[in-house]
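Q: Contents of target34.csv (CSV, C-alpha atoms):
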chain,number,residue,atom,x,y,z
A,1,MET,CA,-46.5,-6.8,-8.3
A,2,THR,CA,-43.9,-6.5,-5.6
A,3,ILE,CA,-40.9,-8.8,-5.4
A,4,SER,CA,-40.0,-9.8,-1.9
A,5,ARG,CA,-36.3,-10.0,-0.9
A,6,PRO,CA,-35.0,-13.5,0.1
A,7,LYS,CA,-35.2,-14.2,3.8
A,8,LYS,CA,-32.1,-13.5,5.7
A,9,ARG,CA,-30.4,-16.7,6.9
A,10,CYS,CA,-28.5,-17.2,10.2
A,11,SER,CA,-24.7,-17.4,9.7
A,12,THR,CA,-24.6,-19.9,12.6
A,13,CYS,CA,-27.3,-22.4,11.9
A,14,SER,CA,-28.6,-21.3,8.4
A,15,LYS,CA,-32.2,-21.1,9.7
A,16,SER,CA,-34.4,-18.2,8.6
A,17,MET,CA,-34.3,-15.1,10.8
A,18,GLN,CA,-37.1,-12.7,11.8
A,19,ARG,CA,-37.0,-8.9,12.1
A,20,TRP,CA,-35.9,-7.8,15.6
A,21,GLY,CA,-35.9,-4.0,15.9
A,22,ARG,CA,-33.2,-1.6,14.7
A,23,HIS,CA,-29.5,-1.5,15.0
A,24,PRO,CA,-28.0,1.8,16.6
A,25,SER,CA,-26.9,2.7,13.0
A,26,GLY,CA,-30.5,2.6,11.9
A,27,LYS,CA,-30.3,-0.7,9.9
A,28,GLN,CA,-32.9,-3.4,10.3
A,29,ARG,CA,-31.8,-6.0,12.9
A,30,PHE,CA,-32.6,-9.7,12.5
A,31,ARG,CA,-32.7,-12.5,15.1
A,32,CYS,CA,-32.6,-16.3,14.8
A,33,LYS,CA,-35.4,-18.0,16.8
A,34,ASP,CA,-33.3,-21.2,17.2
A,35,CYS,CA,-29.9,-20.0,18.3
A,36,THR,CA,-30.8,-16.4,19.2
A,37,THR,CA,-28.0,-15.0,17.0
A,38,SER,CA,-28.7,-11.4,15.8
A,39,SER,CA,-27.3,-9.5,12.9
A,40,THR,CA,-28.0,-7.0,10.1
A,41,ARG,CA,-28.2,-7.4,6.4
A,42,THR,CA,-25.0,-6.4,4.6
A,43,ARG,CA,-23.8,-6.4,1.0
A,44,LYS,CA,-20.6,-8.4,0.5
A,45,ASP,CA,-19.1,-6.0,-2.0
A,46,ASN,CA,-19.6,-3.0,0.4
A,47,ARG,CA,-18.3,-5.0,3.3
A,48,HIS,CA,-15.1,-5.9,1.4
A,49,LYS,CA,-14.5,-2.2,0.4
A,50,LYS,CA,-15.0,-1.1,4.0
A,51,ARG,CA,-12.7,-3.7,5.4
A,52,LEU,CA,-10.0,-2.9,2.8
A,53,SER,CA,-10.3,0.8,3.6
A,54,LEU,CA,-10.0,0.0,7.3
A,55,PHE,CA,-6.9,-2.1,6.6
A,56,VAL,CA,-5.2,0.6,4.6
A,57,ASP,CA,-6.0,3.3,7.2
A,58,TRP,CA,-4.6,1.1,9.9
A,59,LEU,CA,-1.5,0.1,7.9
A,60,THR,CA,-0.6,3.7,7.1
A,61,SER,CA,-1.2,5.1,10.6
A,62,LYS,CA,0.4,4.6,14.0
A,63,LYS,CA,-2.6,2.9,15.5
A,64,SER,CA,-2.3,-0.5,17.1
A,65,LEU,CA,-4.8,-3.3,16.5
A,66,SER,CA,-6.0,-2.7,20.1
A,67,ASP,CA,-6.7,1.0,19.3
A,68,LEU,CA,-8.5,0.1,16.1
A,69,SER,CA,-10.5,-2.6,18.0
A,70,SER,CA,-11.8,-0.1,20.5
A,71,GLU,CA,-12.6,2.4,17.7
A,72,VAL,CA,-14.5,0.0,15.5
A,73,GLY,CA,-16.1,-2.0,18.3
A,74,VAL,CA,-14.9,-5.5,17.4
A,75,SER,CA,-12.3,-7.8,18.9
A,76,VAL,CA,-8.6,-7.9,17.9
A,77,THR,CA,-9.1,-11.5,16.8
A,78,ARG,CA,-12.0,-10.5,14.5
A,79,LEU,CA,-9.8,-7.7,12.9
A,80,ARG,CA,-7.0,-10.2,12.3
A,81,GLU,CA,-9.6,-12.4,10.5
A,82,TRP,CA,-10.7,-9.5,8.4
A,83,PHE,CA,-7.2,-8.5,7.4
A,84,LYS,CA,-5.8,-12.0,6.7
A,85,SER,CA,-7.0,-12.1,3.1
A,86,PHE,CA,-5.4,-8.7,2.4
A,87,TRP,CA,-2.0,-9.9,3.6
A,88,ASN,CA,-2.2,-12.9,1.3
A,89,THR,CA,-3.2,-10.9,-1.8
A,90,PRO,CA,-0.8,-8.0,-2.1
A,91,PRO,CA,-1.7,-5.2,-4.6
A,92,GLN,CA,-0.2,-5.3,-8.0
A,93,PRO,CA,1.1,-2.1,-9.7
A,94,LYS,CA,-0.6,-0.7,-12.8
A,95,ILE,CA,2.5,0.3,-14.8
A,96,GLN,CA,2.3,3.7,-16.5
A,97,THR,CA,3.8,4.3,-19.9
A,98,GLY,CA,4.9,7.4,-21.7
A,99,VAL,CA,7.1,8.6,-18.7
A,100,ARG,CA,9.7,11.1,-19.8
A,101,VAL,CA,11.3,11.9,-16.4
A,102,LEU,CA,11.4,8.9,-14.0
A,103,VAL,CA,12.3,9.1,-10.3
A,104,LEU,CA,13.8,6.0,-8.8
A,105,ASP,CA,14.4,5.3,-5.1
A,106,GLY,CA,14.3,2.5,-2.5
A,107,THR,CA,12.9,2.6,0.9
A,108,SER,CA,13.3,0.1,3.8
A,109,ILE,CA,10.2,-1.6,5.0
A,110,MET,CA,12.0,-4.0,7.4
A,111,LYS,CA,15.7,-3.6,8.0
A,112,ARG,CA,17.8,-6.2,6.2
A,113,GLU,CA,14.6,-8.1,5.2
A,114,CYS,CA,12.4,-6.1,3.0
A,115,MET,CA,13.0,-3.2,0.6
A,116,LEU,CA,10.6,-1.5,-1.7
A,117,LEU,CA,11.9,-0.2,-5.0
A,118,ILE,CA,9.7,2.6,-6.4
A,119,GLY,CA,9.5,4.4,-9.7
A,120,ALA,CA,7.5,7.6,-10.0
A,121,ASN,CA,6.5,10.0,-12.7
A,122,ALA,CA,8.3,13.3,-12.0
A,123,ASN,CA,5.7,15.3,-13.9
A,124,ASN,CA,2.7,14.3,-11.8
A,125,GLY,CA,4.2,12.5,-8.8
A,126,GLN,CA,2.2,9.4,-9.5
A,127,SER,CA,3.6,5.9,-8.9
A,128,VAL,CA,4.8,4.2,-12.1
A,129,SER,CA,5.5,0.8,-10.5
A,130,TRP,CA,7.1,-0.8,-7.5
A,131,MET,CA,8.8,-4.1,-6.5
A,132,ASN,CA,9.6,-5.8,-3.2
A,133,CYS,CA,13.1,-7.2,-2.7
A,134,SER,CA,15.4,-8.3,0.2
A,135,HIS,CA,17.9,-5.5,-0.2
A,136,GLU,CA,18.8,-2.7,-2.6
A,137,CYS,CA,21.5,-3.8,-5.0
A,138,TYR,CA,22.3,-4.1,-8.7
A,139,ASN,CA,20.6,-7.4,-9.1
A,140,SER,CA,17.3,-6.1,-7.6
A,141,TRP,CA,17.4,-2.9,-9.6
A,142,VAL,CA,18.1,-4.5,-12.9
A,143,VAL,CA,15.2,-6.9,-12.5
A,144,PHE,CA,12.9,-4.0,-11.7
A,145,LEU,CA,14.1,-1.8,-14.5
A,146,LYS,CA,13.9,-4.6,-17.1
A,147,ASP,CA,10.3,-5.2,-16.1
A,148,LEU,CA,9.6,-1.5,-16.7
A,149,SER,CA,11.4,-1.6,-20.0
A,150,TRP,CA,9.3,-4.7,-21.0
A,151,HIS,CA,6.2,-2.6,-20.3
A,152,SER,CA,7.5,0.1,-22.7
A,153,VAL,CA,8.8,2.5,-20.1
A,154,THR,CA,11.8,4.3,-21.7
A,155,PRO,CA,12.5,7.5,-19.8
A,156,GLU,CA,14.7,10.3,-21.2
A,157,ILE,CA,15.8,11.4,-17.7
A,158,VAL,CA,16.3,9.3,-14.6
A,159,ILE,CA,16.4,11.1,-11.2
A,160,CYS,CA,18.0,9.0,-8.4
A,161,ASP,CA,20.3,9.1,-5.3
A,162,ALA,CA,23.2,7.7,-7.4
A,163,GLN,CA,23.4,4.4,-5.5
A,164,ARG,CA,26.1,2.3,-7.3
A,165,GLY,CA,23.9,-0.7,-8.1
A,166,LEU,CA,21.1,1.6,-9.4
A,167,LEU,CA,23.5,3.6,-11.7
A,168,LYS,CA,24.9,0.4,-13.2
A,169,ALA,CA,21.4,-1.0,-13.8
A,170,VAL,CA,20.2,2.2,-15.5
A,171,SER,CA,23.2,2.4,-17.8
A,172,GLU,CA,22.6,-1.2,-18.8
A,173,VAL,CA,18.8,-1.1,-19.3
A,174,TRP,CA,18.5,2.5,-20.6
A,175,PRO,CA,21.9,3.6,-21.9
A,176,GLN,CA,20.4,6.6,-23.7
A,177,ALA,CA,18.9,8.1,-20.5
A,178,LYS,CA,20.4,11.1,-18.8
A,179,ILE,CA,20.9,10.8,-15.0
A,180,GLN,CA,20.1,13.7,-12.6
A,181,ARG,CA,21.2,13.5,-9.0
A,182,CYS,CA,18.3,14.0,-6.6
A,183,LEU,CA,18.6,17.4,-4.9
A,184,ILE,CA,16.8,16.1,-1.8
A,185,HIS,CA,19.4,13.4,-1.3
A,186,ILE,CA,22.2,16.0,-1.9
A,187,VAL,CA,20.8,18.3,0.8
A,188,ARG,CA,20.2,15.5,3.2
A,189,GLN,CA,23.8,14.1,2.8
A,190,SER,CA,25.2,17.7,3.1
A,191,CYS,CA,23.4,18.1,6.5
A,192,ILE,CA,24.9,14.8,7.7
A,193,TRP,CA,28.4,15.9,6.7
A,194,LEU,CA,28.2,19.5,7.9
A,195,THR,CA,25.6,19.1,10.7
A,196,GLN,CA,22.8,21.6,11.4
A,197,ASN,CA,25.3,24.1,13.1
A,198,PRO,CA,28.6,23.9,11.2
A,199,GLN,CA,31.6,25.2,13.0
A,200,THR,CA,34.2,25.5,10.2
A,201,LYS,CA,34.3,28.3,7.6
A,202,ALA,CA,33.9,25.8,4.8
A,203,GLY,CA,30.9,24.3,6.5
A,204,ARG,CA,29.3,27.8,6.9
Could you take the file, read its structure, and then write that structure out as structure tokens?

A:
Amino acid sequence: MTISRPKKRCSTCSKSMQRWGRHPSGKQRFRCKDCTTSSTRTRKDNRHKKRLSLFVDWLTSKKSLSDLSSEVGVSVTRLREWFKSFWNTPPQPKIQTGVRVLVLDGTSIMKRECMLLIGANANNGQSVSWMNCSHECYNSWVVFLKDLSWHSVTPEIVICDAQRGLLKAVSEVWPQAKIQRCLIHIVRQSCIWLTQNPQTKAGR
């Protein structure tokens, strides 16, 4: 005994559709006899994954929506509709525990409007947690670190850029933790002070 799949319904008028050749991708195409709308059968879970992957790829690249529109073959308006739900449901961090060496830093997403505070495991480079805030200061850092502490994150060593607000927050939340100045920040600041071609003997 064979079990037939339910008939595909038209997304416009909800009437049953009939088979209508093949899509260039090889999928079965369906056509509505009443409103002449054509489409293929898709799984909602796969569709969500593909659109999320498309959204992340676009967000982390230099492509514009127009570039992506041409690449995917849909309008910019349709892309905005697909991405709207992802903007309204930001990802939530899965906080890691048992971190011995914690790297802390802040990066600007939008100047004077949005900062991202990040904590990473120095042993494997994986993100421990993150938090959005308006600007990097003691109040923002102490909220972030207390949340980590509440989730049983108690590092022995904290690596950071020695920002004043961050140092104060670390000493308050984890007074037993040793603080290591980040070497990358030291080299970067040294290049700013000395320039790429230092002229003085001290600079050389």

Q: Find the residues around range 12-17 of chain A up to 6 Å (all atoms listed in the file counted), leave out those fewer than 5 positions away in its own chain, and share them as a PyMOL selection string.

A: chain A and resi 30-32

Q: Go through A:Gln180, A:Ile157, A:Val142, A:Asp147 and flag the residue nearest Asn123 in chain A, using all atoms listed in the file for the distances.

A: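 Closest to Asn123 in chain A, using all atoms listed in the file: A:Ile157.
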
Q: Can you pull out the residues contacting Leu65 in chain A? Cut-off 9 Å, using all atoms listed in the file, and skip same-chain residues under 2 positions away; I want them as a PyMOL selection string.

A: chain A and resi 58+63+67-70+76+79-80

Q: Go ahead and compute the interatomic distance for CA of Met131 in chain A and CA of Asp105 in chain A, in Å to one decimal.

A: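 Going from CA of Met131 in chain A over to CA of Asp105 in chain A, I get 11.0 Å.
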
Q: Find the residues around Asn121 in chain A up to 7 Å (all atoms listed in the file counted), leave out those fewer than 2 positions away in its own chain, and share them as a PyMOL selection string.

A: chain A and resi 99+101-103+123-128

Q: What's the 10 Å shell around Leu148 in chain A, counting all atoms listed in the file, without same-chain residues fewer than 2 positions away, as number ranges by chain?

A: A: 95-97, 119, 128-130, 142-146, 150-155, 173

Q: Could you check which of A:Ser75, A:Ser108, A:Ser66, A:Ser149 is closest to Ser134 in chain A, using all atoms listed in the file?

A: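 Of the candidates, the smallest distance to Ser134 in chain A is held by A:Ser108.
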
Q: Leaving out Cys137 in chain A and any residue of its chain fewer than 5 positions from it, which residues lie within 12 Å of it when counting all atoms listed in the file, given as a PDB file with C-alpha atoms, in the frame of the given file?

A:
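Dumped to out_34.pdb:
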ATOM      1  CA  ASP A 105      14.400   5.300  -5.100  1.00  0.00           C
ATOM      2  CA  GLY A 106      14.300   2.500  -2.500  1.00  0.00           C
ATOM      3  CA  MET A 115      13.000  -3.200   0.600  1.00  0.00           C
ATOM      4  CA  LEU A 116      10.600  -1.500  -1.700  1.00  0.00           C
ATOM      5  CA  LEU A 117      11.900  -0.200  -5.000  1.00  0.00           C
ATOM      6  CA  VAL A 142      18.100  -4.500 -12.900  1.00  0.00           C
ATOM      7  CA  VAL A 143      15.200  -6.900 -12.500  1.00  0.00           C
ATOM      8  CA  PHE A 144      12.900  -4.000 -11.700  1.00  0.00           C
ATOM      9  CA  ALA A 162      23.200   7.700  -7.400  1.00  0.00           C
ATOM     10  CA  GLN A 163      23.400   4.400  -5.500  1.00  0.00           C
ATOM     11  CA  ARG A 164      26.100   2.300  -7.300  1.00  0.00           C
ATOM     12  CA  GLY A 165      23.900  -0.700  -8.100  1.00  0.00           C
ATOM     13  CA  LEU A 166      21.100   1.600  -9.400  1.00  0.00           C
ATOM     14  CA  LEU A 167      23.500   3.600 -11.700  1.00  0.00           C
ATOM     15  CA  LYS A 168      24.900   0.400 -13.200  1.00  0.00           C
ATOM     16  CA  ALA A 169      21.400  -1.000 -13.800  1.00  0.00           C
TER      17      ALA A 169
END

Q: What does the distance between CA of Gly73 in chain A and CA of Gln28 in chain A come to in Å, to one decimal place?

A: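 About the pair CA of Gly73 in chain A and CA of Gln28 in chain A: they are 18.7 Å apart.
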
Q: Hey, can you check how far CA of Leu52 in chain A sits from CA of Phe86 in chain A?

A: 7.4 Å

Q: Measuring atom to atom with all atoms listed in the file, identify which of A:Gly21, A:Asn88, A:Pro198, A:Trp141 is nearest to Cys160 in chain A.

A: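 Result for the nearest residue to Cys160 in chain A: A:Trp141.
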
Q: May I have the residues at most 9 Å from (15.1, 7.4, -24.4) in the file's coordinates, counting all atoms listed in the file, as a compact mmCIF listing (two decimals) with C-alpha atoms, keeping the file's coordinate frame?

A:
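That gives us out_37.txt:
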# COMPACT_ATOMS: atom_id res chain seq x y z
CA ARG A 100 9.70 11.10 -19.80
CA THR A 154 11.80 4.30 -21.70
CA PRO A 155 12.50 7.50 -19.80
CA GLU A 156 14.70 10.30 -21.20
CA ILE A 157 15.80 11.40 -17.70
CA TRP A 174 18.50 2.50 -20.60
CA PRO A 175 21.90 3.60 -21.90
CA GLN A 176 20.40 6.60 -23.70
CA ALA A 177 18.90 8.10 -20.50
CA LYS A 178 20.40 11.10 -18.80
